[in-house]
Amino acid sequence: QVQLLESGGGLVQAGGSMRLSCAASGPSGRTFSTYPMGWFRRAPGKEREFVAAMRRSGGSTDYTDSVKGRFTISRDNAKNTVYLQMNSLKPEDTAVYFCAISRAYALLSRLEGNYDYWGQGTQVTVSS
């Protein structure tokens with residue numbers, strides 16, 4: 001069982017930056033760097049959607065079109081933590097952000113069903 005805990009959310013003005021963190025605990029028998037990770041978000045009144053993913057440490061990344069060039073997914077394996085750096089934030093980025101981890105080994109996916117463990121979410125609000 002893997003537990004994920006997001007942090008770093010809050011209120012920011014449009015054009016500002018914010019970094020979300022997702023700390024993993026409980027993975028045993030497997031190096032954290034090998035876990036594919038993803039970030040998703042759910043805006044008010046909308047379904048949860050894909051934001052960014054990383055296949056494994058140093059591997060391929062993928063971003064939804066609306067955040068390309070503004071958001072960056074990264075990880076610190078020594079801290080078992082994955083980050084989402086968000087720059088040039090827009091009001092439409094307002095959402096609850098979730099991190100997710102997959103038990104697969106070679107995965108770069110936008111599909112929620114491919115992720116096995118989820119954090120509780122952290123609220124990001126971007127004011128205009």
# chains A, B, ... in the order shown; residues from 1 in each chain; ligands from 1

call {"tool": "select_by_dssp", "arguments": {"residues": "stretch 32-86 of chain A", "states": "strand (DSSP E)", "output": "PyMOL selection string"}}
result
chain A and resi 37-42+48-54+61-63+71-76+81-86

call {"tool": "closest_atom_pairs", "arguments": {"of": "stretch 83-116 of chain A", "to": "stretch 62-75 of chain A", "cutoff": "10 Å", "atoms": "only C-alpha atoms", "output": "JSON lines"}}
result
{"residue": "A:Tyr83", "atom": "CA", "partner": "A:Ser74", "partner_atom": "CA", "distance": 5.2}
{"residue": "A:Leu84", "atom": "CA", "partner": "A:Ile73", "partner_atom": "CA", "distance": 4.7}
{"residue": "A:Gln85", "atom": "CA", "partner": "A:Thr72", "partner_atom": "CA", "distance": 5.1}
{"residue": "A:Met86", "atom": "CA", "partner": "A:Phe71", "partner_atom": "CA", "distance": 4.5}
{"residue": "A:Asn87", "atom": "CA", "partner": "A:Arg70", "partner_atom": "CA", "distance": 5.1}
{"residue": "A:Ser88", "atom": "CA", "partner": "A:Arg70", "partner_atom": "CA", "distance": 6.1}
{"residue": "A:Leu89", "atom": "CA", "partner": "A:Arg70", "partner_atom": "CA", "distance": 7.7}
{"residue": "A:Lys90", "atom": "CA", "partner": "A:Val67", "partner_atom": "CA", "distance": 9.9}
{"residue": "A:Glu92", "atom": "CA", "partner": "A:Ser66", "partner_atom": "CA", "distance": 9.6}
{"residue": "A:Asp93", "atom": "CA", "partner": "A:Val67", "partner_atom": "CA", "distance": 8.7}
{"residue": "A:Leu108", "atom": "CA", "partner": "A:Asp62", "partner_atom": "CA", "distance": 7.3}
{"residue": "A:Ser109", "atom": "CA", "partner": "A:Asp62", "partner_atom": "CA", "distance": 8.1}
{"residue": "A:Arg110", "atom": "CA", "partner": "A:Asp62", "partner_atom": "CA", "distance": 8.2}

call {"tool": "atom_distance", "arguments": {"atom1": "atom CA of A:Tyr105", "atom2": "atom CA of A:Tyr117"}}
result
14.4 Å

call {"tool": "select_by_dssp", "arguments": {"residues": "chain A", "states": "helix (DSSP H, G or I)", "output": "PyMOL selection string"}}
result
chain A and resi 32-34+65-67+77-79+91-93+112-114

call {"tool": "closest_atom_pairs", "arguments": {"of": "stretch 89-113 of chain A", "to": "stretch 49-58 of chain A", "cutoff": "10 Å", "atoms": "only C-alpha atoms", "output": "JSON lines"}}
result
{"residue": "A:Tyr97", "atom": "CA", "partner": "A:Val51", "partner_atom": "CA", "distance": 8.9}
{"residue": "A:Phe98", "atom": "CA", "partner": "A:Val51", "partner_atom": "CA", "distance": 9.4}
{"residue": "A:Cys99", "atom": "CA", "partner": "A:Ala53", "partner_atom": "CA", "distance": 9.4}
{"residue": "A:Ala100", "atom": "CA", "partner": "A:Ala53", "partner_atom": "CA", "distance": 9.1}
{"residue": "A:Ile101", "atom": "CA", "partner": "A:Ala53", "partner_atom": "CA", "distance": 9.6}
{"residue": "A:Ser102", "atom": "CA", "partner": "A:Arg55", "partner_atom": "CA", "distance": 9.5}
{"residue": "A:Ala104", "atom": "CA", "partner": "A:Arg55", "partner_atom": "CA", "distance": 9.5}
{"residue": "A:Tyr105", "atom": "CA", "partner": "A:Arg56", "partner_atom": "CA", "distance": 7.9}
{"residue": "A:Ala106", "atom": "CA", "partner": "A:Arg55", "partner_atom": "CA", "distance": 6.4}
{"residue": "A:Leu107", "atom": "CA", "partner": "A:Arg55", "partner_atom": "CA", "distance": 5.4}
{"residue": "A:Leu108", "atom": "CA", "partner": "A:Arg55", "partner_atom": "CA", "distance": 4.8}
{"residue": "A:Ser109", "atom": "CA", "partner": "A:Ala53", "partner_atom": "CA", "distance": 6.8}
{"residue": "A:Arg110", "atom": "CA", "partner": "A:Phe50", "partner_atom": "CA", "distance": 5.6}
{"residue": "A:Leu111", "atom": "CA", "partner": "A:Phe50", "partner_atom": "CA", "distance": 7.3}
{"residue": "A:Glu112", "atom": "CA", "partner": "A:Phe50", "partner_atom": "CA", "distance": 7.7}

call {"tool": "write_last_selection", "arguments": {"atoms": "N, CA and C atoms", "output": "compact mmCIF listing (two decimals), in the first residue's frame"}}
result
# COMPACT_ATOMS: atom_id res chain seq x y z
N TYR A 97 -6.13 19.68 -6.97
CA TYR A 97 -5.09 18.93 -7.67
C TYR A 97 -4.77 17.64 -6.91
N PHE A 98 -4.69 16.55 -7.66
CA PHE A 98 -4.42 15.24 -7.09
C PHE A 98 -3.15 14.65 -7.70
N CYS A 99 -2.34 14.00 -6.88
CA CYS A 99 -1.26 13.21 -7.43
C CYS A 99 -1.65 11.75 -7.39
N ALA A 100 -1.03 10.98 -8.26
CA ALA A 100 -1.36 9.57 -8.37
C ALA A 100 -0.11 8.79 -8.73
N ILE A 101 -0.09 7.53 -8.34
CA ILE A 101 1.05 6.67 -8.58
C ILE A 101 0.56 5.35 -9.16
N SER A 102 1.33 4.82 -10.07
CA SER A 102 0.97 3.56 -10.71
C SER A 102 1.94 2.46 -10.30
N ALA A 104 2.56 0.05 -12.31
CA ALA A 104 3.19 -0.40 -13.55
C ALA A 104 4.62 0.09 -13.61
N TYR A 105 5.39 -0.48 -14.51
CA TYR A 105 6.80 -0.11 -14.62
C TYR A 105 7.09 0.77 -15.82
N ALA A 106 6.39 0.60 -16.89
CA ALA A 106 6.66 1.36 -18.11
C ALA A 106 5.39 2.03 -18.56
N LEU A 107 4.98 3.04 -17.83
CA LEU A 107 3.70 3.68 -18.09
C LEU A 107 3.86 5.17 -18.20
N LEU A 108 3.23 5.72 -19.21
CA LEU A 108 3.06 7.17 -19.32
C LEU A 108 1.62 7.35 -19.78
N SER A 109 0.76 7.63 -18.84
CA SER A 109 -0.66 7.55 -19.14
C SER A 109 -1.43 8.77 -18.68
N ARG A 110 -2.47 9.11 -19.45
CA ARG A 110 -3.39 10.16 -19.10
C ARG A 110 -4.68 9.61 -18.49
N LEU A 111 -4.74 8.30 -18.36
CA LEU A 111 -5.98 7.67 -17.92
C LEU A 111 -5.98 7.43 -16.42
N GLU A 112 -7.02 7.87 -15.75
CA GLU A 112 -7.11 7.69 -14.31
C GLU A 112 -7.06 6.22 -13.91

call {"tool": "residues_around", "arguments": {"residues": "A:Gly119", "least_positions_apart": "2", "cutoff": "12 Å", "atoms": "only C-alpha atoms", "output": "mmCIF file with C-alpha atoms, in the first residue's frame"}}
result
data_model
loop_
_atom_site.group_PDB
_atom_site.id
_atom_site.type_symbol
_atom_site.label_atom_id
_atom_site.label_comp_id
_atom_site.auth_asym_id
_atom_site.auth_seq_id
_atom_site.Cartn_x
_atom_site.Cartn_y
_atom_site.Cartn_z
ATOM 1 C CA VAL A 2 1.252 3.450 -0.927
ATOM 2 C CA GLN A 3 0.072 6.647 0.729
ATOM 3 C CA LEU A 4 0.308 10.000 -1.036
ATOM 4 C CA LEU A 5 0.049 13.387 0.614
ATOM 5 C CA GLU A 6 -0.199 16.570 -1.420
ATOM 6 C CA SER A 7 0.746 19.997 -0.137
ATOM 7 C CA SER A 21 4.390 18.579 -3.602
ATOM 8 C CA CYS A 22 3.306 14.977 -3.275
ATOM 9 C CA ALA A 23 5.105 12.850 -0.723
ATOM 10 C CA ALA A 24 4.859 9.083 -0.988
ATOM 11 C CA SER A 25 5.153 6.688 1.897
ATOM 12 C CA MET A 37 3.538 9.405 -11.372
ATOM 13 C CA GLY A 38 0.744 11.666 -12.497
ATOM 14 C CA TRP A 39 -1.037 14.870 -11.581
ATOM 15 C CA PHE A 40 -4.743 15.396 -12.192
ATOM 16 C CA ARG A 41 -7.172 18.168 -11.293
ATOM 17 C CA VAL A 82 6.996 14.434 -6.897
ATOM 18 C CA VAL A 96 -8.352 20.550 -6.618
ATOM 19 C CA TYR A 97 -5.094 18.927 -7.668
ATOM 20 C CA PHE A 98 -4.423 15.239 -7.090
ATOM 21 C CA CYS A 99 -1.258 13.215 -7.431
ATOM 22 C CA ALA A 100 -1.358 9.570 -8.372
ATOM 23 C CA ILE A 101 1.052 6.668 -8.584
ATOM 24 C CA TYR A 115 -3.129 4.768 -11.546
ATOM 25 C CA ASP A 116 -3.482 2.712 -8.400
ATOM 26 C CA TYR A 117 -3.033 5.124 -5.504
ATOM 27 C CA GLY A 121 -6.067 16.521 -3.162
ATOM 28 C CA THR A 122 -4.985 20.086 -2.537
#

call {"tool": "residues_around", "arguments": {"residues": "A:Ala43", "least_positions_apart": "3", "cutoff": "7 Å", "atoms": "only C-alpha atoms", "output": "list in words"}}
result
Lys46, Thr94, Ala95 and Val96 of chain A

call {"tool": "residues_around", "arguments": {"residues": "A:Asn77", "least_positions_apart": "6", "cutoff": "9 Å", "atoms": "only C-alpha atoms", "output": "VMD selection string"}}
result
chain A and resid 31 to 33 57
